[in-house]
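See below for coords19.pdb, which holds PDB, C-alpha atoms, pLDDT in the B column.
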```pdb
ATOM      1  CA  MET I   1     -14.900 -18.848 -43.546  1.00 46.00           C
ATOM      2  CA  ARG I   2     -13.559 -16.201 -45.903  1.00 52.00           C
ATOM      3  CA  LYS I   3     -11.268 -17.216 -48.716  1.00 51.00           C
ATOM      4  CA  ASN I   4      -8.628 -14.836 -47.316  1.00 50.00           C
ATOM      5  CA  ALA I   5      -8.131 -13.165 -43.936  1.00 47.00           C
ATOM      6  CA  LEU I   6      -8.231  -9.366 -43.686  1.00 51.00           C
ATOM      7  CA  PRO I   7      -4.808  -7.775 -44.179  1.00 51.00           C
ATOM      8  CA  SER I   8      -2.719  -7.621 -41.041  1.00 53.00           C
ATOM      9  CA  LEU I   9      -2.182  -3.880 -41.644  1.00 48.00           C
ATOM     10  CA  LEU I  10      -5.850  -3.158 -40.982  1.00 53.00           C
ATOM     11  CA  VAL I  11      -6.120  -5.401 -37.937  1.00 50.00           C
ATOM     12  CA  ALA I  12      -2.886  -4.189 -36.356  1.00 50.00           C
ATOM     13  CA  GLY I  13      -3.661  -0.548 -37.064  1.00 51.00           C
ATOM     14  CA  ILE I  14      -7.068  -0.642 -35.421  1.00 48.00           C
ATOM     15  CA  ALA I  15      -5.713  -2.503 -32.404  1.00 49.00           C
ATOM     16  CA  ALA I  16      -2.899   0.026 -31.992  1.00 50.00           C
ATOM     17  CA  ALA I  17      -5.205   3.020 -32.342  1.00 47.00           C
ATOM     18  CA  ALA I  18      -6.526   2.758 -28.808  1.00 43.00           C
ATOM     19  CA  PHE I  19      -3.019   3.160 -27.398  1.00 46.00           C
ATOM     20  CA  THR I  20      -1.149   5.342 -29.892  1.00 46.00           C
ATOM     21  CA  THR I  21      -1.079   9.128 -29.670  1.00 43.00           C
ATOM     22  CA  SER I  22       1.135  11.874 -30.985  1.00 42.00           C
ATOM     23  CA  THR I  23       2.410  15.035 -29.357  1.00 41.00           C
ATOM     24  CA  GLN I  24       1.773  16.883 -32.631  1.00 49.00           C
ATOM     25  CA  ALA I  25      -1.815  18.049 -33.323  1.00 52.00           C
ATOM     26  CA  PHE I  26      -3.124  17.676 -36.874  1.00 63.00           C
ATOM     27  CA  ALA I  27      -6.548  19.368 -36.402  1.00 65.00           C
ATOM     28  CA  TYR I  28      -8.245  16.165 -37.549  1.00 77.00           C
ATOM     29  CA  GLY I  29     -11.980  16.752 -37.205  1.00 86.00           C
ATOM     30  CA  ALA I  30     -15.045  18.846 -37.976  1.00 92.00           C
ATOM     31  CA  GLY I  31     -15.264  20.442 -41.417  1.00 92.00           C
ATOM     32  CA  ASP I  32     -12.776  18.132 -43.144  1.00 92.00           C
ATOM     33  CA  PHE I  33     -13.440  17.073 -46.725  1.00 95.00           C
ATOM     34  CA  PHE I  34     -11.336  14.059 -47.681  1.00 96.00           C
ATOM     35  CA  THR I  35     -10.694  11.447 -50.323  1.00 97.00           C
ATOM     36  CA  ARG I  36      -9.161   7.998 -49.922  1.00 98.00           C
ATOM     37  CA  VAL I  37      -7.557   6.320 -52.930  1.00 98.00           C
ATOM     38  CA  GLY I  38      -6.174   2.812 -53.270  1.00 98.00           C
ATOM     39  CA  VAL I  39      -6.628  -0.745 -54.453  1.00 97.00           C
ATOM     40  CA  ALA I  40      -9.644  -2.685 -53.224  1.00 97.00           C
ATOM     41  CA  LYS I  41     -10.185  -6.437 -53.214  1.00 97.00           C
ATOM     42  CA  VAL I  42     -13.702  -7.888 -53.216  1.00 97.00           C
ATOM     43  CA  GLU I  43     -13.795 -11.270 -51.459  1.00 97.00           C
ATOM     44  CA  PRO I  44     -17.208 -12.984 -51.769  1.00 96.00           C
ATOM     45  CA  LYS I  45     -18.135 -15.418 -49.029  1.00 94.00           C
ATOM     46  CA  SER I  46     -17.179 -19.048 -49.664  1.00 89.00           C
ATOM     47  CA  ASP I  47     -20.697 -20.501 -50.031  1.00 90.00           C
ATOM     48  CA  ASN I  48     -22.667 -18.490 -52.591  1.00 93.00           C
ATOM     49  CA  GLY I  49     -25.667 -20.825 -52.628  1.00 93.00           C
ATOM     50  CA  THR I  50     -27.276 -23.013 -55.280  1.00 93.00           C
ATOM     51  CA  ILE I  51     -29.482 -22.241 -58.280  1.00 94.00           C
ATOM     52  CA  ALA I  52     -31.575 -24.177 -60.816  1.00 91.00           C
ATOM     53  CA  ASN I  53     -33.485 -26.071 -58.125  1.00 92.00           C
ATOM     54  CA  GLY I  54     -30.304 -26.951 -56.265  1.00 90.00           C
ATOM     55  CA  THR I  55     -28.551 -28.571 -59.227  1.00 91.00           C
ATOM     56  CA  LEU I  56     -25.802 -25.935 -59.574  1.00 93.00           C
ATOM     57  CA  ASP I  57     -23.477 -24.853 -56.759  1.00 95.00           C
ATOM     58  CA  VAL I  58     -22.305 -21.270 -57.232  1.00 96.00           C
ATOM     59  CA  ASP I  59     -18.759 -20.019 -56.573  1.00 96.00           C
ATOM     60  CA  VAL I  60     -18.135 -16.292 -57.121  1.00 96.00           C
ATOM     61  CA  GLN I  61     -14.425 -15.538 -57.288  1.00 96.00           C
ATOM     62  CA  ASP I  62     -12.357 -12.617 -55.935  1.00 96.00           C
ATOM     63  CA  ASP I  63     -11.291  -9.567 -57.907  1.00 97.00           C
ATOM     64  CA  SER I  64      -9.266  -6.398 -57.283  1.00 97.00           C
ATOM     65  CA  ALA I  65      -9.620  -2.925 -58.794  1.00 97.00           C
ATOM     66  CA  PHE I  66      -8.864   0.768 -58.257  1.00 97.00           C
ATOM     67  CA  ALA I  67     -11.210   2.347 -55.709  1.00 97.00           C
ATOM     68  CA  PHE I  68     -11.693   5.714 -54.061  1.00 97.00           C
ATOM     69  CA  THR I  69     -13.919   7.405 -51.514  1.00 98.00           C
ATOM     70  CA  LEU I  70     -15.223  10.912 -50.900  1.00 98.00           C
ATOM     71  CA  GLY I  71     -16.175  12.023 -47.422  1.00 97.00           C
ATOM     72  CA  TYR I  72     -16.996  14.847 -45.040  1.00 98.00           C
ATOM     73  CA  ARG I  73     -16.737  15.263 -41.249  1.00 95.00           C
ATOM     74  CA  PHE I  74     -19.790  17.006 -39.758  1.00 96.00           C
ATOM     75  CA  THR I  75     -18.272  17.015 -36.278  1.00 96.00           C
ATOM     76  CA  ASP I  76     -14.989  15.821 -34.784  1.00 95.00           C
ATOM     77  CA  LYS I  77     -16.456  12.349 -34.325  1.00 96.00           C
ATOM     78  CA  LEU I  78     -19.163  11.977 -37.012  1.00 97.00           C
ATOM     79  CA  GLY I  79     -18.802  11.882 -40.777  1.00 97.00           C
ATOM     80  CA  VAL I  80     -20.124  10.380 -43.990  1.00 98.00           C
ATOM     81  CA  GLU I  81     -18.258   8.596 -46.806  1.00 98.00           C
ATOM     82  CA  LEU I  82     -19.141   7.287 -50.287  1.00 98.00           C
ATOM     83  CA  LEU I  83     -17.190   4.347 -51.731  1.00 97.00           C
ATOM     84  CA  ALA I  84     -16.796   4.100 -55.511  1.00 96.00           C
ATOM     85  CA  ALA I  85     -14.578   2.028 -57.803  1.00 95.00           C
ATOM     86  CA  GLU I  86     -13.901   0.944 -61.334  1.00 95.00           C
ATOM     87  CA  PRO I  87     -15.898  -2.191 -62.255  1.00 95.00           C
ATOM     88  CA  PHE I  88     -14.921  -5.438 -60.555  1.00 96.00           C
ATOM     89  CA  ASP I  89     -14.828  -8.429 -62.934  1.00 96.00           C
ATOM     90  CA  HIS I  90     -15.795 -11.684 -61.195  1.00 96.00           C
ATOM     91  CA  GLY I  91     -15.416 -15.161 -62.589  1.00 96.00           C
ATOM     92  CA  ILE I  92     -18.256 -17.487 -61.601  1.00 96.00           C
ATOM     93  CA  THR I  93     -18.170 -21.284 -61.484  1.00 95.00           C
ATOM     94  CA  LEU I  94     -21.420 -23.263 -61.651  1.00 94.00           C
ATOM     95  CA  ASP I  95     -20.720 -26.779 -60.396  1.00 93.00           C
ATOM     96  CA  ALA I  96     -23.186 -29.468 -61.493  1.00 88.00           C
ATOM     97  CA  GLY I  97     -21.292 -32.262 -59.723  1.00 85.00           C
ATOM     98  CA  GLY I  98     -19.500 -35.228 -61.232  1.00 85.00           C
ATOM     99  CA  GLY I  99     -16.740 -32.966 -62.525  1.00 82.00           C
ATOM    100  CA  THR I 100     -19.118 -30.917 -64.677  1.00 89.00           C
ATOM    101  CA  GLU I 101     -18.592 -27.168 -64.380  1.00 91.00           C
ATOM    102  CA  ILE I 102     -20.008 -24.211 -66.289  1.00 93.00           C
ATOM    103  CA  GLY I 103     -18.071 -20.956 -66.407  1.00 95.00           C
ATOM    104  CA  ALA I 104     -19.690 -17.537 -66.193  1.00 96.00           C
ATOM    105  CA  SER I 105     -18.673 -13.975 -65.347  1.00 96.00           C
ATOM    106  CA  THR I 106     -20.043 -10.564 -64.467  1.00 96.00           C
ATOM    107  CA  ASP I 107     -18.880  -7.016 -63.833  1.00 97.00           C
ATOM    108  CA  HIS I 108     -20.262  -5.119 -60.882  1.00 95.00           C
ATOM    109  CA  LEU I 109     -20.112  -1.698 -59.240  1.00 95.00           C
ATOM    110  CA  PRO I 110     -20.861  -1.446 -55.496  1.00 93.00           C
ATOM    111  CA  PRO I 111     -21.326   2.241 -54.500  1.00 96.00           C
ATOM    112  CA  THR I 112     -21.661   2.303 -50.724  1.00 98.00           C
ATOM    113  CA  LEU I 113     -22.634   5.163 -48.400  1.00 98.00           C
ATOM    114  CA  THR I 114     -21.740   4.956 -44.700  1.00 98.00           C
ATOM    115  CA  VAL I 115     -22.170   7.182 -41.672  1.00 98.00           C
ATOM    116  CA  GLN I 116     -18.942   7.017 -39.670  1.00 98.00           C
ATOM    117  CA  TYR I 117     -17.875   7.350 -36.046  1.00 98.00           C
ATOM    118  CA  TYR I 118     -14.333   8.459 -35.156  1.00 97.00           C
ATOM    119  CA  PRO I 119     -13.706   7.690 -31.450  1.00 95.00           C
ATOM    120  CA  LEU I 120     -10.469   9.709 -31.341  1.00 94.00           C
ATOM    121  CA  GLY I 121     -11.680  12.580 -33.524  1.00 91.00           C
ATOM    122  CA  GLY I 122     -10.733  15.992 -32.198  1.00 88.00           C
ATOM    123  CA  THR I 123      -7.753  14.634 -30.261  1.00 89.00           C
ATOM    124  CA  ASP I 124      -4.023  14.732 -31.005  1.00 86.00           C
ATOM    125  CA  ALA I 125      -3.920  11.015 -31.898  1.00 90.00           C
ATOM    126  CA  ARG I 126      -1.874  10.312 -35.000  1.00 92.00           C
ATOM    127  CA  VAL I 127      -3.684   6.973 -35.471  1.00 94.00           C
ATOM    128  CA  GLN I 128      -7.398   7.586 -36.133  1.00 95.00           C
ATOM    129  CA  PRO I 129      -9.692   4.526 -36.276  1.00 96.00           C
ATOM    130  CA  TYR I 130     -13.275   4.703 -37.460  1.00 97.00           C
ATOM    131  CA  ALA I 131     -16.339   2.518 -37.963  1.00 98.00           C
ATOM    132  CA  GLY I 132     -19.443   3.012 -40.071  1.00 98.00           C
ATOM    133  CA  ILE I 133     -22.820   1.639 -41.040  1.00 98.00           C
ATOM    134  CA  GLY I 134     -24.832   2.368 -44.143  1.00 98.00           C
ATOM    135  CA  ILE I 135     -26.290   1.113 -47.388  1.00 98.00           C
ATOM    136  CA  ASN I 136     -24.926  -0.533 -50.516  1.00 97.00           C
ATOM    137  CA  TYR I 137     -26.278  -0.513 -54.059  1.00 98.00           C
ATOM    138  CA  THR I 138     -24.757  -3.023 -56.474  1.00 97.00           C
ATOM    139  CA  THR I 139     -25.340  -2.972 -60.217  1.00 97.00           C
ATOM    140  CA  PHE I 140     -24.274  -5.829 -62.505  1.00 97.00           C
ATOM    141  CA  SER I 141     -23.302  -5.685 -66.186  1.00 96.00           C
ATOM    142  CA  ASP I 142     -21.615  -7.671 -68.976  1.00 96.00           C
ATOM    143  CA  GLU I 143     -22.902 -11.031 -67.710  1.00 95.00           C
ATOM    144  CA  GLU I 144     -21.648 -13.992 -69.754  1.00 95.00           C
ATOM    145  CA  ILE I 145     -22.019 -17.773 -69.548  1.00 94.00           C
ATOM    146  CA  ASP I 146     -20.259 -20.590 -71.390  1.00 93.00           C
ATOM    147  CA  GLY I 147     -22.245 -21.852 -74.334  1.00 85.00           C
ATOM    148  CA  GLY I 148     -24.071 -18.566 -74.804  1.00 82.00           C
ATOM    149  CA  GLY I 149     -27.434 -17.546 -73.457  1.00 85.00           C
ATOM    150  CA  ASP I 150     -28.837 -14.376 -71.952  1.00 92.00           C
ATOM    151  CA  LEU I 151     -27.535 -14.411 -68.354  1.00 94.00           C
ATOM    152  CA  GLU I 152     -28.864 -11.640 -66.121  1.00 96.00           C
ATOM    153  CA  LEU I 153     -28.080 -10.714 -62.494  1.00 96.00           C
ATOM    154  CA  ASP I 154     -30.512  -8.262 -60.890  1.00 97.00           C
ATOM    155  CA  ASP I 155     -29.272  -5.143 -59.120  1.00 97.00           C
ATOM    156  CA  SER I 156     -29.127  -5.354 -55.333  1.00 96.00           C
ATOM    157  CA  TRP I 157     -29.728  -3.139 -52.286  1.00 97.00           C
ATOM    158  CA  GLY I 158     -28.355  -4.146 -48.891  1.00 97.00           C
ATOM    159  CA  ALA I 159     -26.823  -3.093 -45.600  1.00 98.00           C
ATOM    160  CA  ALA I 160     -23.136  -2.237 -45.203  1.00 98.00           C
ATOM    161  CA  GLY I 161     -20.680  -2.138 -42.302  1.00 98.00           C
ATOM    162  CA  GLN I 162     -17.216  -0.617 -42.253  1.00 98.00           C
ATOM    163  CA  VAL I 163     -14.047  -0.403 -40.156  1.00 98.00           C
ATOM    164  CA  GLY I 164     -10.907   1.510 -41.001  1.00 98.00           C
ATOM    165  CA  VAL I 165      -7.896   3.419 -39.766  1.00 97.00           C
ATOM    166  CA  ASP I 166      -5.901   6.468 -40.888  1.00 96.00           C
ATOM    167  CA  LEU I 167      -2.232   6.845 -39.932  1.00 95.00           C
ATOM    168  CA  LEU I 168      -1.667  10.598 -40.169  1.00 94.00           C
ATOM    169  CA  ILE I 169       1.534  11.760 -41.880  1.00 93.00           C
ATOM    170  CA  ASP I 170       0.932  15.531 -41.873  1.00 90.00           C
ATOM    171  CA  ASP I 171      -1.988  18.003 -41.980  1.00 88.00           C
ATOM    172  CA  ASN I 172      -3.196  16.652 -45.323  1.00 92.00           C
ATOM    173  CA  TRP I 173      -1.855  13.153 -45.971  1.00 95.00           C
ATOM    174  CA  ALA I 174      -2.417   9.820 -44.231  1.00 96.00           C
ATOM    175  CA  LEU I 175      -1.990   6.129 -44.901  1.00 97.00           C
ATOM    176  CA  ASN I 176      -5.316   4.301 -44.904  1.00 98.00           C
ATOM    177  CA  ALA I 177      -6.628   0.764 -44.575  1.00 98.00           C
ATOM    178  CA  ALA I 178     -10.325  -0.098 -44.506  1.00 98.00           C
ATOM    179  CA  ALA I 179     -12.759  -2.980 -44.853  1.00 98.00           C
ATOM    180  CA  TRP I 180     -16.467  -3.130 -45.656  1.00 98.00           C
ATOM    181  CA  TYR I 181     -18.976  -5.936 -45.296  1.00 97.00           C
ATOM    182  CA  LEU I 182     -21.661  -5.716 -48.006  1.00 97.00           C
ATOM    183  CA  ASP I 183     -24.971  -7.576 -48.076  1.00 97.00           C
ATOM    184  CA  ILE I 184     -25.285  -8.426 -51.792  1.00 97.00           C
ATOM    185  CA  ASP I 185     -27.954 -10.911 -52.914  1.00 96.00           C
ATOM    186  CA  THR I 186     -28.950 -11.106 -56.571  1.00 96.00           C
ATOM    187  CA  ASP I 187     -31.644 -12.958 -58.494  1.00 96.00           C
ATOM    188  CA  VAL I 188     -30.308 -14.857 -61.512  1.00 96.00           C
ATOM    189  CA  LYS I 189     -32.074 -15.382 -64.835  1.00 94.00           C
ATOM    190  CA  LEU I 190     -31.039 -17.320 -67.935  1.00 92.00           C
ATOM    191  CA  GLY I 191     -33.224 -16.111 -70.763  1.00 90.00           C
ATOM    192  CA  PRO I 192     -36.833 -16.166 -69.466  1.00 91.00           C
ATOM    193  CA  ASP I 193     -36.058 -18.675 -66.700  1.00 91.00           C
ATOM    194  CA  ASP I 194     -35.588 -17.670 -63.061  1.00 94.00           C
ATOM    195  CA  LEU I 195     -32.701 -19.760 -61.687  1.00 93.00           C
ATOM    196  CA  GLY I 196     -32.742 -18.547 -58.076  1.00 95.00           C
ATOM    197  CA  GLU I 197     -30.735 -16.292 -55.789  1.00 96.00           C
ATOM    198  CA  VAL I 198     -26.966 -15.951 -55.407  1.00 96.00           C
ATOM    199  CA  GLU I 199     -25.595 -14.681 -52.085  1.00 96.00           C
ATOM    200  CA  ILE I 200     -22.324 -12.832 -52.688  1.00 96.00           C
ATOM    201  CA  ASP I 201     -22.016 -10.994 -49.332  1.00 97.00           C
ATOM    202  CA  PRO I 202     -18.379  -9.935 -49.765  1.00 97.00           C
ATOM    203  CA  VAL I 203     -15.777  -8.321 -47.591  1.00 97.00           C
ATOM    204  CA  VAL I 204     -14.118  -5.450 -49.481  1.00 97.00           C
ATOM    205  CA  VAL I 205     -10.587  -4.648 -48.303  1.00 98.00           C
ATOM    206  CA  MET I 206      -8.843  -1.459 -49.400  1.00 98.00           C
ATOM    207  CA  ALA I 207      -5.362  -0.076 -48.760  1.00 97.00           C
ATOM    208  CA  GLY I 208      -4.065   3.271 -49.955  1.00 97.00           C
ATOM    209  CA  VAL I 209      -3.662   6.914 -48.994  1.00 98.00           C
ATOM    210  CA  SER I 210      -5.994   9.605 -47.678  1.00 96.00           C
ATOM    211  CA  TYR I 211      -5.919  13.314 -48.475  1.00 96.00           C
ATOM    212  CA  ARG I 212      -7.765  16.012 -46.487  1.00 93.00           C
ATOM    213  CA  PHE I 213      -8.772  19.283 -48.127  1.00 88.00           C
TER     214      PHE I 213
END
```
Would you mind writing the structure in this file as structure tokens?
Amino acid sequence: MRKNALPSLLVAGIAAAAFTTSTQAFAYGAGDFFTRVGVAKVEPKSDNGTIANGTLDVDVQDDSAFAFTLGYRFTDKLGVELLAAEPFDHGITLDAGGGTEIGASTDHLPPTLTVQYYPLGGTDARVQPYAGIGINYTTFSDEEIDGGGDLELDDSWGAAGQVGVDLLIDDNWALNAAAWYLDIDTDVKLGPDDLGEVEIDPVVVMAGVSYRF
């Protein structure tokens, strides 16, 4: 199970989208350039695997940071969006059992490109849900481990899935909530030694505002 459930704003907004419409048209559709800006929280899955021949259990902790997206709508119902953010700084606990723990940390950037489907695009609906699939690239930096040593996490490529919803305010502005699932697996090295693979596989939850150009 995830360490935290997805925000109720996202869940409730998507559920309401199928039933909520507005009598005012906002021309929400083909040709729109847009940006979404907010705070994103990266929630790695609870079991991140073991390394060093199974002697160390890995726990990658949550972090939040400023994030934004840039996107374009090719048609009323199809678009593309790129997620970017400032670096996320994750604490890492390596549990050797018997109360022995080793602390570590890393920064990461997870740019993610998704192709999106807007089921209510081109309609007068004020609530506009969307879903997307795509690809994620994650790069790690500033790795540290207690006691010193050259800790290295390899960059990762993986699949991505997305759901989100815009609550339109006017022709340009909307409230936004979105979530991504990212397939992030990284090989870990300490000096010349390969320690194994860590499975991070987070859900990224973002809440903020959207602006259409």
Shell of 10 Å around Tyr28 of chain I, all atoms listed in the file, local chain residues under 4 positions omitted, as a VMD selection string: chain I and resid 32 73 76 to 77 120 to 126 128 168 171 to 172 212
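Closest to Trp180 of chain I among I:Leu195, I:Val209, I:Ile135, I:Ile145 is I:Ile135, based on only C-alpha atoms.
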Resolved residues for the PyMOL selection byres ((chain I and resi 158) around 9) as a PyMOL selection string: chain I and resi 134-138+156-157+159-160+182-185
Distance criterion (only C-alpha atoms): nearest to Phe140 of chain I out of I:Thr112, I:Thr100, I:Gln61, I:Thr186: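 Closest candidate: I:Thr186.
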Gln116 of chain I surroundings by only C-alpha atoms, 12 Å radius, close-in-sequence under 5 positions cut, as a PyMOL selection string: chain I and resi 71-82+121+129-134+160-165
Selection: 12 Å around Ile51 of chain I, all atoms listed in the file, excl. self and same-chain fewer than 5 positions, as a ChimeraX atom specification: /I:56-59,93-96,186-190,193-199
Dump as a CSV table (one decimal), in the frame of the given file, selection limited to C-alpha atoms:
```
chain,number,residue,atom,x,y,z
I,56,LEU,CA,-25.8,-25.9,-59.6
I,57,ASP,CA,-23.5,-24.9,-56.8
I,58,VAL,CA,-22.3,-21.3,-57.2
I,59,ASP,CA,-18.8,-20.0,-56.6
I,93,THR,CA,-18.2,-21.3,-61.5
I,94,LEU,CA,-21.4,-23.3,-61.7
I,95,ASP,CA,-20.7,-26.8,-60.4
I,96,ALA,CA,-23.2,-29.5,-61.5
I,186,THR,CA,-29.0,-11.1,-56.6
I,187,ASP,CA,-31.6,-13.0,-58.5
I,188,VAL,CA,-30.3,-14.9,-61.5
I,189,LYS,CA,-32.1,-15.4,-64.8
I,190,LEU,CA,-31.0,-17.3,-67.9
I,193,ASP,CA,-36.1,-18.7,-66.7
I,194,ASP,CA,-35.6,-17.7,-63.1
I,195,LEU,CA,-32.7,-19.8,-61.7
I,196,GLY,CA,-32.7,-18.5,-58.1
I,197,GLU,CA,-30.7,-16.3,-55.8
I,198,VAL,CA,-27.0,-16.0,-55.4
I,199,GLU,CA,-25.6,-14.7,-52.1
```
Contacts of Phe88 of chain I at 7 Å (only C-alpha atoms; same-chain gap of 4+ positions) as number ranges by chain: I: 63-65, 107-109
Minimum-distance residue to Pro87 of chain I, chosen among I:Gly208, I:Gly54, I:Gly149, I:Pro110 (using only C-alpha atoms): I:Pro110
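One finds atom CA of His90 of chain I at 10.8 Å from atom CA of Ile200 of chain I.
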Protein/DNA/RNA residues near (-20.5, -22.6, -70.9), cut 6 Å, only C-alpha atoms, as a ChimeraX atom specification: /I:102-103,145-147
Chain and number of each residue from the PyMOL selection byres ((chain I and resi 36-38) around 12), as a ChimeraX atom specification: /I:33-35,39-41,64-72,81-86,164-166,172-178,205-213
Next, the residues of the selection above should be written as a PDB file, keeping the file's coordinate frame with C-alpha atoms.
```pdb
ATOM      1  CA  PHE I  33     -13.440  17.073 -46.725  1.00 95.00           C
ATOM      2  CA  PHE I  34     -11.336  14.059 -47.681  1.00 96.00           C
ATOM      3  CA  THR I  35     -10.694  11.447 -50.323  1.00 97.00           C
ATOM      4  CA  VAL I  39      -6.628  -0.745 -54.453  1.00 97.00           C
ATOM      5  CA  ALA I  40      -9.644  -2.685 -53.224  1.00 97.00           C
ATOM      6  CA  LYS I  41     -10.185  -6.437 -53.214  1.00 97.00           C
ATOM      7  CA  SER I  64      -9.266  -6.398 -57.283  1.00 97.00           C
ATOM      8  CA  ALA I  65      -9.620  -2.925 -58.794  1.00 97.00           C
ATOM      9  CA  PHE I  66      -8.864   0.768 -58.257  1.00 97.00           C
ATOM     10  CA  ALA I  67     -11.210   2.347 -55.709  1.00 97.00           C
ATOM     11  CA  PHE I  68     -11.693   5.714 -54.061  1.00 97.00           C
ATOM     12  CA  THR I  69     -13.919   7.405 -51.514  1.00 98.00           C
ATOM     13  CA  LEU I  70     -15.223  10.912 -50.900  1.00 98.00           C
ATOM     14  CA  GLY I  71     -16.175  12.023 -47.422  1.00 97.00           C
ATOM     15  CA  TYR I  72     -16.996  14.847 -45.040  1.00 98.00           C
ATOM     16  CA  GLU I  81     -18.258   8.596 -46.806  1.00 98.00           C
ATOM     17  CA  LEU I  82     -19.141   7.287 -50.287  1.00 98.00           C
ATOM     18  CA  LEU I  83     -17.190   4.347 -51.731  1.00 97.00           C
ATOM     19  CA  ALA I  84     -16.796   4.100 -55.511  1.00 96.00           C
ATOM     20  CA  ALA I  85     -14.578   2.028 -57.803  1.00 95.00           C
ATOM     21  CA  GLU I  86     -13.901   0.944 -61.334  1.00 95.00           C
ATOM     22  CA  GLY I 164     -10.907   1.510 -41.001  1.00 98.00           C
ATOM     23  CA  VAL I 165      -7.896   3.419 -39.766  1.00 97.00           C
ATOM     24  CA  ASP I 166      -5.901   6.468 -40.888  1.00 96.00           C
ATOM     25  CA  ASN I 172      -3.196  16.652 -45.323  1.00 92.00           C
ATOM     26  CA  TRP I 173      -1.855  13.153 -45.971  1.00 95.00           C
ATOM     27  CA  ALA I 174      -2.417   9.820 -44.231  1.00 96.00           C
ATOM     28  CA  LEU I 175      -1.990   6.129 -44.901  1.00 97.00           C
ATOM     29  CA  ASN I 176      -5.316   4.301 -44.904  1.00 98.00           C
ATOM     30  CA  ALA I 177      -6.628   0.764 -44.575  1.00 98.00           C
ATOM     31  CA  ALA I 178     -10.325  -0.098 -44.506  1.00 98.00           C
ATOM     32  CA  VAL I 205     -10.587  -4.648 -48.303  1.00 98.00           C
ATOM     33  CA  MET I 206      -8.843  -1.459 -49.400  1.00 98.00           C
ATOM     34  CA  ALA I 207      -5.362  -0.076 -48.760  1.00 97.00           C
ATOM     35  CA  GLY I 208      -4.065   3.271 -49.955  1.00 97.00           C
ATOM     36  CA  VAL I 209      -3.662   6.914 -48.994  1.00 98.00           C
ATOM     37  CA  SER I 210      -5.994   9.605 -47.678  1.00 96.00           C
ATOM     38  CA  TYR I 211      -5.919  13.314 -48.475  1.00 96.00           C
ATOM     39  CA  ARG I 212      -7.765  16.012 -46.487  1.00 93.00           C
ATOM     40  CA  PHE I 213      -8.772  19.283 -48.127  1.00 88.00           C
TER      41      PHE I 213
END
```
To box segment 189-208 of chain I, take all atoms listed in the file, fit an axis-aligned box, add 8 Å on each side, and give centre and edge lengths in Å to one decimal, as AutoDock Vina command-line options.
```
--center_x -20.4 --center_y -8.2 --center_z -59.2 --size_x 48.8 --size_y 39.0 --size_z 39.2
```
Computed interatomic separation between atom CA of Gly98 of chain I and atom CA of Pro192 of chain I (Å): 27.0 Å
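Of the listed residues I:Ala104, I:Leu113, I:Ile92, I:Ala52, the one whose atoms come nearest to Gly148 of chain I is I:Ala104, with distances taken using only C-alpha atoms.
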Å distance separating atom CA of Ser105 of chain I from atom CA of Asp89 of chain I, one decimal place: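 Between atom CA of Ser105 of chain I and atom CA of Asp89 of chain I the gap works out to 7.2 Å.
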Filled-in N, CA and C atoms of segment 30-41 of chain I, supplied as a PDB file, in the frame of the given file:
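Wrote selection.pdb, looks like this:
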```pdb
ATOM      1  N   ALA I  30     -13.880  18.227 -37.367  1.00 92.00           N
ATOM      2  CA  ALA I  30     -15.045  18.846 -37.976  1.00 92.00           C
ATOM      3  C   ALA I  30     -14.668  19.724 -39.169  1.00 92.00           C
ATOM      4  N   GLY I  31     -15.454  19.615 -40.241  1.00 92.00           N
ATOM      5  CA  GLY I  31     -15.264  20.442 -41.417  1.00 92.00           C
ATOM      6  C   GLY I  31     -14.319  19.873 -42.455  1.00 92.00           C
ATOM      7  N   ASP I  32     -13.706  18.733 -42.190  1.00 92.00           N
ATOM      8  CA  ASP I  32     -12.776  18.132 -43.144  1.00 92.00           C
ATOM      9  C   ASP I  32     -13.517  17.505 -44.317  1.00 92.00           C
ATOM     10  N   PHE I  33     -13.124  17.860 -45.540  1.00 95.00           N
ATOM     11  CA  PHE I  33     -13.440  17.073 -46.725  1.00 95.00           C
ATOM     12  C   PHE I  33     -12.244  16.172 -47.000  1.00 95.00           C
ATOM     13  N   PHE I  34     -12.470  14.951 -47.449  1.00 96.00           N
ATOM     14  CA  PHE I  34     -11.336  14.059 -47.681  1.00 96.00           C
ATOM     15  C   PHE I  34     -11.647  13.065 -48.797  1.00 96.00           C
ATOM     16  N   THR I  35     -10.585  12.546 -49.375  1.00 97.00           N
ATOM     17  CA  THR I  35     -10.694  11.447 -50.323  1.00 97.00           C
ATOM     18  C   THR I  35      -9.687  10.383 -49.942  1.00 97.00           C
ATOM     19  N   ARG I  36     -10.053   9.130 -50.142  1.00 98.00           N
ATOM     20  CA  ARG I  36      -9.161   7.998 -49.922  1.00 98.00           C
ATOM     21  C   ARG I  36      -9.047   7.240 -51.234  1.00 98.00           C
ATOM     22  N   VAL I  37      -7.821   6.923 -51.628  1.00 98.00           N
ATOM     23  CA  VAL I  37      -7.557   6.320 -52.930  1.00 98.00           C
ATOM     24  C   VAL I  37      -6.682   5.097 -52.727  1.00 98.00           C
ATOM     25  N   GLY I  38      -7.004   4.005 -53.408  1.00 98.00           N
ATOM     26  CA  GLY I  38      -6.174   2.812 -53.270  1.00 98.00           C
ATOM     27  C   GLY I  38      -6.669   1.668 -54.129  1.00 98.00           C
ATOM     28  N   VAL I  39      -6.208   0.489 -53.788  1.00 97.00           N
ATOM     29  CA  VAL I  39      -6.628  -0.745 -54.453  1.00 97.00           C
ATOM     30  C   VAL I  39      -7.540  -1.509 -53.505  1.00 97.00           C
ATOM     31  N   ALA I  40      -8.674  -1.947 -54.027  1.00 97.00           N
ATOM     32  CA  ALA I  40      -9.644  -2.685 -53.224  1.00 97.00           C
ATOM     33  C   ALA I  40      -9.788  -4.100 -53.763  1.00 97.00           C
ATOM     34  N   LYS I  41      -9.942  -5.048 -52.851  1.00 97.00           N
ATOM     35  CA  LYS I  41     -10.185  -6.437 -53.214  1.00 97.00           C
ATOM     36  C   LYS I  41     -11.546  -6.855 -52.695  1.00 97.00           C
TER      37      LYS I  41
END
```
